[in-house]
Amino acid sequence: MPRRPAQPSDLPVSVPLFPLSGALLLPFAHRPLNIFEPRFIEMIDAVLGGERLVGLIQPQDTSEESPKGQAPLEDVGCLGRLTHFEESGDGRYFIILEGVTRFKIVRELAVGSPFRQAEISAADFASDFTRDFGEEAVDRARFVKMMRDYAEFANIELNWEEIESTGTADLVNFCCMVSPHGAAEKQALLEAPSLEARAETLIAITEYEMARGSAAPLN
């Protein structure tokens with residue numbers, strides 16, 4: 001299997017694009033995906049024979065989960081490394097993508113494949129290649145308090161022993177990925193300029209949701 005890229009210069013010039021609304025991937029986190037559309041099955045076939053890298057990116061119009069054609073895309077996505085795949089009897093795939101780095105699209109390529117491809121750049125996201133970059137700036141106690149408050153608000157059981165043993169960067173990114181917020185909020189979390197900003201953005205979004213949920217209805 002090709003090794004995990006360790007810096008922006010390790011990345012290929014171009015990658016396949018996987019437009020998917022509401023699907024957030026962040027560096028070093030893992031996202032399972034079921035692949036069933038023919039165009040994306042062909043994409044995974046191609047990826048398995050190459051660098052095993054896929055650019056997960058949201059379409060600007062979120063009314064369709066994965067629009068066909070040349071629907072406009074967000075400026076920033078996250079490159080995922082295919083670390084696991086299972087093929088079903090009918091040719092579908094179950095895959096797991098491990099986040100590598102955020103990227104910007106330099107230009108989309110004119111290709112004959114049914115899936116989109118683009119030249120990308122991760123030059124602005126070199127810190128994404130360091131797993132714990134920016135941890136020291138995060139107010140972990142405040143972040144964990146938000147988790148406790150939300151768990152109580154949404155009646156969710158959490159494994160606090162596991163949470164306490166998880167590194168701050170991994171904890172923040174995991175919570176962002178599994179949060180139930182919409183596509184716009186997920187894009188804001190992706191584009192946050194630092195881990196601290198991502199943590200504070202999630203806290204703000206979550207506190208707003210809880211405040212709305214607990215507000216008395218208007219007569």
# chains A, B, ... in the order shown; residues from 1 in each chain; ligands from 1

call {"tool": "select_by_dssp", "arguments": {"residues": "chain A", "states": "alpha helix (DSSP H)", "output": "number ranges by chain"}}
result
A: 38-48, 140-154, 160-164, 168-178, 183-191, 195-214

call {"tool": "residues_around", "arguments": {"residues": "Pro38 (chain A)", "least_positions_apart": "3", "cutoff": "10 Å", "atoms": "only C-alpha atoms", "output": "PyMOL selection string"}}
result
chain A and resi 35+41-44+91-92+114-115

call {"tool": "write_last_selection", "arguments": {"atoms": "C-alpha atoms", "output": "compact mmCIF listing (two decimals), in the first residue's frame"}}
result
# COMPACT_ATOMS: atom_id res chain seq x y z
CA ILE A 35 -20.06 3.36 -2.19
CA ILE A 41 -17.45 2.53 -7.75
CA GLU A 42 -15.30 3.26 -10.80
CA MET A 43 -13.52 5.96 -8.80
CA ILE A 44 -12.66 3.52 -6.01
CA GLY A 91 -19.80 -4.80 -6.69
CA ARG A 92 -20.46 -2.16 -4.05
CA PRO A 114 -17.35 9.49 -14.90
CA PHE A 115 -15.88 10.96 -11.70

call {"tool": "residues_around", "arguments": {"residues": "Ile95 (chain A)", "least_positions_apart": "2", "cutoff": "8 Å", "atoms": "only C-alpha atoms", "output": "short mmCIF file (atom, residue, chain, number, x, y, z; two decimals) with N, CA and C atoms, in the first residue's frame"}}
result
data_model
loop_
_atom_site.label_atom_id
_atom_site.label_comp_id
_atom_site.auth_asym_id
_atom_site.auth_seq_id
_atom_site.Cartn_x
_atom_site.Cartn_y
_atom_site.Cartn_z
N PRO A 32 -16.17 6.21 7.64
CA PRO A 32 -16.67 5.09 6.84
C PRO A 32 -17.67 5.58 5.80
N LEU A 33 -17.66 4.97 4.63
CA LEU A 33 -18.56 5.35 3.56
C LEU A 33 -19.01 4.12 2.79
N ASN A 34 -20.27 4.10 2.42
CA ASN A 34 -20.79 3.07 1.54
C ASN A 34 -20.80 3.62 0.11
N ILE A 35 -20.19 2.91 -0.80
CA ILE A 35 -20.06 3.36 -2.19
C ILE A 35 -20.94 2.47 -3.06
N LEU A 82 -7.46 5.99 1.50
CA LEU A 82 -8.26 4.78 1.62
C LEU A 82 -7.44 3.72 2.38
N THR A 83 -7.85 3.45 3.62
CA THR A 83 -7.09 2.53 4.47
C THR A 83 -7.76 1.17 4.61
N HIS A 84 -9.03 1.08 4.22
CA HIS A 84 -9.75 -0.18 4.35
C HIS A 84 -10.86 -0.21 3.31
N PHE A 85 -11.07 -1.40 2.73
CA PHE A 85 -12.21 -1.54 1.82
C PHE A 85 -12.72 -2.96 1.86
N GLU A 86 -14.02 -3.08 1.67
CA GLU A 86 -14.67 -4.39 1.54
C GLU A 86 -15.57 -4.30 0.31
N TYR A 93 -18.90 -1.08 -2.58
CA TYR A 93 -17.78 -1.01 -1.64
C TYR A 93 -18.22 -0.43 -0.31
N LEU A 97 -11.99 6.10 4.95
CA LEU A 97 -11.02 7.12 4.58
C LEU A 97 -10.40 7.70 5.84
#

call {"tool": "closest_atom_pairs", "arguments": {"of": "region 161-207 of chain A", "to": "region 130-142 of chain A", "cutoff": "12 Å", "atoms": "only C-alpha atoms", "output": "JSON lines"}}
result
{"residue": "A:Ile163", "atom": "CA", "partner": "A:Arg140", "partner_atom": "CA", "distance": 11.1}
{"residue": "A:Glu164", "atom": "CA", "partner": "A:Arg140", "partner_atom": "CA", "distance": 10.3}
{"residue": "A:Thr166", "atom": "CA", "partner": "A:Arg140", "partner_atom": "CA", "distance": 11.2}
{"residue": "A:Gly167", "atom": "CA", "partner": "A:Asp132", "partner_atom": "CA", "distance": 7.6}
{"residue": "A:Thr168", "atom": "CA", "partner": "A:Glu135", "partner_atom": "CA", "distance": 5.9}
{"residue": "A:Ala169", "atom": "CA", "partner": "A:Asp132", "partner_atom": "CA", "distance": 5.5}
{"residue": "A:Asp170", "atom": "CA", "partner": "A:Asp132", "partner_atom": "CA", "distance": 7.8}
{"residue": "A:Leu171", "atom": "CA", "partner": "A:Arg140", "partner_atom": "CA", "distance": 9.4}
{"residue": "A:Val172", "atom": "CA", "partner": "A:Arg140", "partner_atom": "CA", "distance": 9.0}
{"residue": "A:Asn173", "atom": "CA", "partner": "A:Arg131", "partner_atom": "CA", "distance": 10.6}
{"residue": "A:Pro193", "atom": "CA", "partner": "A:Gly134", "partner_atom": "CA", "distance": 10.6}
{"residue": "A:Ser194", "atom": "CA", "partner": "A:Gly134", "partner_atom": "CA", "distance": 6.9}
{"residue": "A:Leu195", "atom": "CA", "partner": "A:Gly134", "partner_atom": "CA", "distance": 5.7}
{"residue": "A:Glu196", "atom": "CA", "partner": "A:Val138", "partner_atom": "CA", "distance": 4.8}
{"residue": "A:Ala197", "atom": "CA", "partner": "A:Val138", "partner_atom": "CA", "distance": 8.3}
{"residue": "A:Arg198", "atom": "CA", "partner": "A:Val138", "partner_atom": "CA", "distance": 9.2}
{"residue": "A:Ala199", "atom": "CA", "partner": "A:Val138", "partner_atom": "CA", "distance": 7.0}
{"residue": "A:Glu200", "atom": "CA", "partner": "A:Val138", "partner_atom": "CA", "distance": 8.3}
{"residue": "A:Thr201", "atom": "CA", "partner": "A:Val138", "partner_atom": "CA", "distance": 11.6}
{"residue": "A:Leu202", "atom": "CA", "partner": "A:Arg142", "partner_atom": "CA", "distance": 11.4}
{"residue": "A:Ile203", "atom": "CA", "partner": "A:Arg142", "partner_atom": "CA", "distance": 8.6}
{"residue": "A:Ala204", "atom": "CA", "partner": "A:Arg142", "partner_atom": "CA", "distance": 11.4}
{"residue": "A:Glu207", "atom": "CA", "partner": "A:Arg142", "partner_atom": "CA", "distance": 11.9}

call {"tool": "write_last_selection", "arguments": {"atoms": "N, CA and C atoms", "output": "mmCIF file, in the first residue's frame"}}
result
data_model
loop_
_atom_site.group_PDB
_atom_site.id
_atom_site.type_symbol
_atom_site.label_atom_id
_atom_site.label_comp_id
_atom_site.auth_asym_id
_atom_site.auth_seq_id
_atom_site.Cartn_x
_atom_site.Cartn_y
_atom_site.Cartn_z
ATOM 1 N N ILE A 163 -12.708 9.027 26.478
ATOM 2 C CA ILE A 163 -12.541 10.446 26.164
ATOM 3 C C ILE A 163 -11.333 11.018 26.891
ATOM 4 N N GLU A 164 -11.186 10.662 28.172
ATOM 5 C CA GLU A 164 -10.067 11.195 28.956
ATOM 6 C C GLU A 164 -8.716 10.743 28.407
ATOM 7 N N THR A 166 -8.067 10.214 25.183
ATOM 8 C CA THR A 166 -7.917 10.633 23.795
ATOM 9 C C THR A 166 -7.208 11.981 23.717
ATOM 10 N N GLY A 167 -6.266 12.113 22.807
ATOM 11 C CA GLY A 167 -5.570 13.380 22.631
ATOM 12 C C GLY A 167 -6.527 14.491 22.237
ATOM 13 N N THR A 168 -6.159 15.721 22.555
ATOM 14 C CA THR A 168 -7.067 16.848 22.346
ATOM 15 C C THR A 168 -7.403 17.051 20.873
ATOM 16 N N ALA A 169 -6.409 16.978 19.999
ATOM 17 C CA ALA A 169 -6.682 17.179 18.568
ATOM 18 C C ALA A 169 -7.621 16.103 18.045
ATOM 19 N N ASP A 170 -7.364 14.857 18.386
ATOM 20 C CA ASP A 170 -8.225 13.767 17.943
ATOM 21 C C ASP A 170 -9.642 13.935 18.503
ATOM 22 N N LEU A 171 -9.743 14.377 19.743
ATOM 23 C CA LEU A 171 -11.052 14.552 20.371
ATOM 24 C C LEU A 171 -11.848 15.645 19.669
ATOM 25 N N VAL A 172 -11.218 16.776 19.427
ATOM 26 C CA VAL A 172 -11.899 17.884 18.762
ATOM 27 C C VAL A 172 -12.352 17.471 17.364
ATOM 28 N N ASN A 173 -11.455 16.870 16.609
ATOM 29 C CA ASN A 173 -11.794 16.506 15.235
ATOM 30 C C ASN A 173 -12.869 15.425 15.176
ATOM 31 N N PRO A 193 -9.316 28.189 10.956
ATOM 32 C CA PRO A 193 -7.889 28.386 10.702
ATOM 33 C C PRO A 193 -6.950 27.683 11.683
ATOM 34 N N SER A 194 -7.472 27.196 12.797
ATOM 35 C CA SER A 194 -6.627 26.512 13.770
ATOM 36 C C SER A 194 -7.478 25.502 14.538
ATOM 37 N N LEU A 195 -6.816 24.606 15.249
ATOM 38 C CA LEU A 195 -7.539 23.636 16.078
ATOM 39 C C LEU A 195 -8.334 24.360 17.160
ATOM 40 N N GLU A 196 -7.738 25.385 17.742
ATOM 41 C CA GLU A 196 -8.441 26.165 18.760
ATOM 42 C C GLU A 196 -9.705 26.789 18.174
ATOM 43 N N ALA A 197 -9.593 27.371 16.987
ATOM 44 C CA ALA A 197 -10.752 27.988 16.348
ATOM 45 C C ALA A 197 -11.814 26.946 16.026
ATOM 46 N N ARG A 198 -11.391 25.742 15.619
ATOM 47 C CA ARG A 198 -12.354 24.677 15.335
ATOM 48 C C ARG A 198 -13.098 24.270 16.600
ATOM 49 N N ALA A 199 -12.366 24.139 17.708
ATOM 50 C CA ALA A 199 -12.997 23.773 18.978
ATOM 51 C C ALA A 199 -13.987 24.842 19.412
ATOM 52 N N GLU A 200 -13.584 26.105 19.314
ATOM 53 C CA GLU A 200 -14.467 27.197 19.739
ATOM 54 C C GLU A 200 -15.679 27.315 18.819
ATOM 55 N N THR A 201 -15.485 27.032 17.532
ATOM 56 C CA THR A 201 -16.615 27.074 16.596
ATOM 57 C C THR A 201 -17.633 25.998 16.944
ATOM 58 N N LEU A 202 -17.151 24.796 17.245
ATOM 59 C CA LEU A 202 -18.076 23.728 17.614
ATOM 60 C C LEU A 202 -18.788 24.047 18.925
ATOM 61 N N ILE A 203 -18.075 24.607 19.878
ATOM 62 C CA ILE A 203 -18.708 24.999 21.143
ATOM 63 C C ILE A 203 -19.820 26.012 20.885
ATOM 64 N N ALA A 204 -19.527 27.023 20.057
ATOM 65 C CA ALA A 204 -20.518 28.065 19.769
ATOM 66 C C ALA A 204 -21.742 27.497 19.064
ATOM 67 N N GLU A 207 -23.690 25.294 21.650
ATOM 68 C CA GLU A 207 -24.378 26.101 22.663
ATOM 69 C C GLU A 207 -25.596 26.789 22.068
#

call {"tool": "residues_around", "arguments": {"residues": "Arg81 (chain A)", "least_positions_apart": "5", "cutoff": "7 Å", "atoms": "only C-alpha atoms", "output": "PyMOL selection string"}}
result
chain A and resi 52-54+97-100

call {"tool": "residues_around", "arguments": {"residues": "Leu20 (chain A)", "least_positions_apart": "2", "cutoff": "7 Å", "atoms": "only C-alpha atoms", "output": "number ranges by chain"}}
result
A: 18, 22-23, 56-59, 65-66

call {"tool": "write_last_selection", "arguments": {"atoms": "N, CA and C atoms", "output": "compact mmCIF listing (two decimals), in the first residue's frame"}}
result
# COMPACT_ATOMS: atom_id res chain seq x y z
N PHE A 18 -14.65 13.57 -4.64
CA PHE A 18 -15.86 12.90 -4.19
C PHE A 18 -16.76 13.98 -3.57
N GLY A 22 -22.57 17.43 3.48
CA GLY A 22 -22.70 17.11 4.90
C GLY A 22 -21.69 16.12 5.43
N ALA A 23 -20.77 15.66 4.60
CA ALA A 23 -19.77 14.67 5.02
C ALA A 23 -18.47 15.38 5.35
N LEU A 56 -12.40 14.48 -0.61
CA LEU A 56 -13.78 14.62 -0.16
C LEU A 56 -14.10 16.11 -0.04
N ILE A 57 -15.16 16.54 -0.73
CA ILE A 57 -15.47 17.97 -0.77
C ILE A 57 -16.96 18.16 -0.90
N GLN A 58 -17.48 19.23 -0.31
CA GLN A 58 -18.91 19.47 -0.34
C GLN A 58 -19.31 20.30 -1.57
N PRO A 59 -20.46 19.98 -2.17
CA PRO A 59 -21.01 20.87 -3.21
C PRO A 59 -21.57 22.12 -2.55
N GLU A 65 -27.37 15.25 -2.25
CA GLU A 65 -26.26 14.71 -1.47
C GLU A 65 -24.96 14.68 -2.28
N SER A 66 -25.06 14.21 -3.52
CA SER A 66 -23.88 14.12 -4.39
C SER A 66 -24.29 14.44 -5.83

call {"tool": "select_by_dssp", "arguments": {"residues": "chain A", "states": "strand (DSSP E or B)", "output": "number ranges by chain"}}
result
A: 14-19, 30-35, 53-57, 59, 73, 76-87, 93-108, 117-121

call {"tool": "write_last_selection", "arguments": {"atoms": "C-alpha atoms", "output": "mmCIF file, in the first residue's frame"}}
result
data_model
loop_
_atom_site.group_PDB
_atom_site.id
_atom_site.type_symbol
_atom_site.label_atom_id
_atom_site.label_comp_id
_atom_site.auth_asym_id
_atom_site.auth_seq_id
_atom_site.Cartn_x
_atom_site.Cartn_y
_atom_site.Cartn_z
ATOM 1 C CA SER A 14 -4.261 15.730 -9.062
ATOM 2 C CA VAL A 15 -6.777 13.544 -7.242
ATOM 3 C CA PRO A 16 -10.282 12.179 -7.809
ATOM 4 C CA LEU A 17 -13.006 14.313 -6.227
ATOM 5 C CA PHE A 18 -15.863 12.903 -4.186
ATOM 6 C CA PRO A 19 -18.538 15.628 -3.817
ATOM 7 C CA HIS A 30 -11.649 8.193 9.987
ATOM 8 C CA ARG A 31 -14.855 8.240 7.967
ATOM 9 C CA PRO A 32 -16.665 5.089 6.836
ATOM 10 C CA LEU A 33 -18.561 5.354 3.555
ATOM 11 C CA ASN A 34 -20.788 3.068 1.537
ATOM 12 C CA ILE A 35 -20.062 3.357 -2.193
ATOM 13 C CA LEU A 53 -6.184 9.192 -2.194
ATOM 14 C CA VAL A 54 -9.617 10.790 -2.618
ATOM 15 C CA GLY A 55 -10.603 14.445 -2.246
ATOM 16 C CA LEU A 56 -13.784 14.623 -0.157
ATOM 17 C CA ILE A 57 -15.466 17.971 -0.772
ATOM 18 C CA PRO A 59 -21.012 20.869 -3.208
ATOM 19 C CA LEU A 73 -17.923 22.913 -5.189
ATOM 20 C CA VAL A 76 -11.769 23.687 0.602
ATOM 21 C CA GLY A 77 -12.028 19.918 0.987
ATOM 22 C CA CYS A 78 -10.114 17.210 2.839
ATOM 23 C CA LEU A 79 -7.919 14.597 1.249
ATOM 24 C CA GLY A 80 -8.651 11.081 2.466
ATOM 25 C CA ARG A 81 -6.425 8.030 2.278
ATOM 26 C CA LEU A 82 -8.258 4.780 1.625
ATOM 27 C CA THR A 83 -7.089 2.526 4.468
ATOM 28 C CA HIS A 84 -9.746 -0.181 4.346
ATOM 29 C CA PHE A 85 -12.212 -1.538 1.820
ATOM 30 C CA GLU A 86 -14.672 -4.386 1.539
ATOM 31 C CA GLU A 87 -16.369 -5.402 -1.693
ATOM 32 C CA TYR A 93 -17.785 -1.015 -1.644
ATOM 33 C CA PHE A 94 -17.576 -0.248 2.036
ATOM 34 C CA ILE A 95 -14.522 1.938 2.602
ATOM 35 C CA ILE A 96 -12.794 3.862 5.363
ATOM 36 C CA LEU A 97 -11.019 7.122 4.583
ATOM 37 C CA GLU A 98 -8.344 8.461 6.917
ATOM 38 C CA GLY A 99 -8.015 12.232 6.776
ATOM 39 C CA VAL A 100 -4.645 13.457 5.509
ATOM 40 C CA THR A 101 -4.882 17.206 4.945
ATOM 41 C CA ARG A 102 -7.232 19.914 3.836
ATOM 42 C CA PHE A 103 -6.732 21.179 0.302
ATOM 43 C CA LYS A 104 -7.830 23.842 -2.136
ATOM 44 C CA ILE A 105 -8.778 23.129 -5.718
ATOM 45 C CA VAL A 106 -6.313 24.755 -8.114
ATOM 46 C CA ARG A 107 -8.296 23.817 -11.193
ATOM 47 C CA GLU A 108 -10.650 21.058 -12.199
ATOM 48 C CA GLN A 117 -10.675 15.104 -10.915
ATOM 49 C CA ALA A 118 -8.753 18.217 -9.970
ATOM 50 C CA GLU A 119 -5.333 19.662 -9.374
ATOM 51 C CA ILE A 120 -5.060 20.478 -5.689
ATOM 52 C CA SER A 121 -2.795 22.355 -3.305
#

call {"tool": "closest_residue", "arguments": {"among": "A:Phe153, A:Ser113, A:Ala123, A:Arg148", "to": "Asp45 (chain A)", "atoms": "only C-alpha atoms"}}
result
A:Ser113

call {"tool": "atom_distance", "arguments": {"atom1": "CA of Phe129 (chain A)", "atom2": "CA of Leu109 (chain A)"}}
result
25.7 Å

call {"tool": "residues_around", "arguments": {"residues": "Ser179 (chain A)", "least_positions_apart": "6", "cutoff": "10 Å", "atoms": "only C-alpha atoms", "output": "tab-separated table (two decimals) with N, CA and C atoms, in the first residue's frame"}}
result
chain	number	residue	atom	x	y	z
A	24	LEU	N	-18.13	15.41	6.63
A	24	LEU	CA	-16.92	16.08	7.07
A	24	LEU	C	-15.82	15.06	7.33
A	173	ASN	N	-11.45	16.87	16.61
A	173	ASN	CA	-11.79	16.51	15.23
A	173	ASN	C	-12.87	15.43	15.18
A	185	GLU	N	-22.42	24.36	8.65
A	185	GLU	CA	-21.65	24.29	9.89
A	185	GLU	C	-20.44	23.37	9.73
A	186	LYS	N	-20.64	22.25	9.02
A	186	LYS	CA	-19.52	21.33	8.80
A	186	LYS	C	-18.41	22.01	7.99
A	202	LEU	N	-17.15	24.80	17.25
A	202	LEU	CA	-18.08	23.73	17.61
A	202	LEU	C	-18.79	24.05	18.92
A	205	ILE	N	-21.52	26.63	18.07
A	205	ILE	CA	-22.64	26.03	17.34
A	205	ILE	C	-23.49	25.18	18.27
A	206	THR	N	-22.82	24.41	19.13
A	206	THR	CA	-23.54	23.50	20.03
A	206	THR	C	-24.30	24.27	21.09

call {"tool": "decode", "arguments": {"residues": "region 85-165 of chain A", "atoms": "C-alpha atoms", "output": "compact mmCIF listing (two decimals), in the first residue's frame"}}
result
# COMPACT_ATOMS: atom_id res chain seq x y z
CA PHE A 85 -12.21 -1.54 1.82
CA GLU A 86 -14.67 -4.39 1.54
CA GLU A 87 -16.37 -5.40 -1.69
CA SER A 88 -19.89 -6.79 -1.62
CA GLY A 89 -21.18 -9.46 -3.98
CA ASP A 90 -22.94 -6.87 -6.16
CA GLY A 91 -19.80 -4.80 -6.69
CA ARG A 92 -20.46 -2.16 -4.05
CA TYR A 93 -17.78 -1.01 -1.64
CA PHE A 94 -17.58 -0.25 2.04
CA ILE A 95 -14.52 1.94 2.60
CA ILE A 96 -12.79 3.86 5.36
CA LEU A 97 -11.02 7.12 4.58
CA GLU A 98 -8.34 8.46 6.92
CA GLY A 99 -8.02 12.23 6.78
CA VAL A 100 -4.65 13.46 5.51
CA THR A 101 -4.88 17.21 4.94
CA ARG A 102 -7.23 19.91 3.84
CA PHE A 103 -6.73 21.18 0.30
CA LYS A 104 -7.83 23.84 -2.14
CA ILE A 105 -8.78 23.13 -5.72
CA VAL A 106 -6.31 24.75 -8.11
CA ARG A 107 -8.30 23.82 -11.19
CA GLU A 108 -10.65 21.06 -12.20
CA LEU A 109 -9.48 18.80 -15.01
CA ALA A 110 -11.30 17.89 -18.21
CA VAL A 111 -11.37 14.10 -18.02
CA GLY A 112 -13.14 11.20 -19.68
CA SER A 113 -13.85 9.38 -16.42
CA PRO A 114 -17.35 9.49 -14.90
CA PHE A 115 -15.88 10.96 -11.70
CA ARG A 116 -14.38 14.42 -11.33
CA GLN A 117 -10.68 15.10 -10.91
CA ALA A 118 -8.75 18.22 -9.97
CA GLU A 119 -5.33 19.66 -9.37
CA ILE A 120 -5.06 20.48 -5.69
CA SER A 121 -2.79 22.36 -3.30
CA ALA A 122 -2.27 21.76 0.42
CA ALA A 123 0.35 24.49 0.76
CA ASP A 124 -1.86 26.49 3.13
CA PHE A 125 -2.43 23.48 5.40
CA ALA A 126 1.07 22.17 6.20
CA SER A 127 0.19 21.96 9.90
CA ASP A 128 -2.46 19.33 9.10
CA PHE A 129 0.33 16.77 8.70
CA THR A 130 1.22 17.04 12.42
CA ARG A 131 -1.36 15.14 14.44
CA ASP A 132 -1.26 17.21 17.64
CA PHE A 133 -0.53 20.60 16.10
CA GLY A 134 -2.23 23.39 18.08
CA GLU A 135 -3.38 21.22 21.00
CA GLU A 136 -1.83 23.44 23.63
CA ALA A 137 -4.04 26.39 22.62
CA VAL A 138 -7.31 24.47 23.06
CA ASP A 139 -9.24 24.95 26.30
CA ARG A 140 -9.80 21.23 26.81
CA ALA A 141 -11.74 21.64 30.05
CA ARG A 142 -14.19 24.01 28.34
CA PHE A 143 -14.50 21.65 25.37
CA VAL A 144 -15.19 18.61 27.58
CA LYS A 145 -17.77 20.61 29.54
CA MET A 146 -19.55 21.32 26.26
CA MET A 147 -19.52 17.58 25.54
CA ARG A 148 -21.01 16.81 28.96
CA ASP A 149 -23.68 19.48 28.56
CA TYR A 150 -24.62 18.26 25.10
CA ALA A 151 -24.66 14.62 26.15
CA GLU A 152 -27.14 15.51 28.87
CA PHE A 153 -29.17 17.73 26.50
CA ALA A 154 -29.40 15.05 23.79
CA ASN A 155 -29.55 12.09 26.19
CA ILE A 156 -26.40 10.51 24.77
CA GLU A 157 -24.22 7.99 26.60
CA LEU A 158 -20.50 8.71 26.22
CA ASN A 159 -17.46 6.64 27.22
CA TRP A 160 -15.78 9.17 29.49
CA GLU A 161 -12.84 6.89 30.26
CA GLU A 162 -12.04 6.71 26.56
CA ILE A 163 -12.54 10.45 26.16
CA GLU A 164 -10.07 11.20 28.96
CA SER A 165 -7.40 9.06 27.24
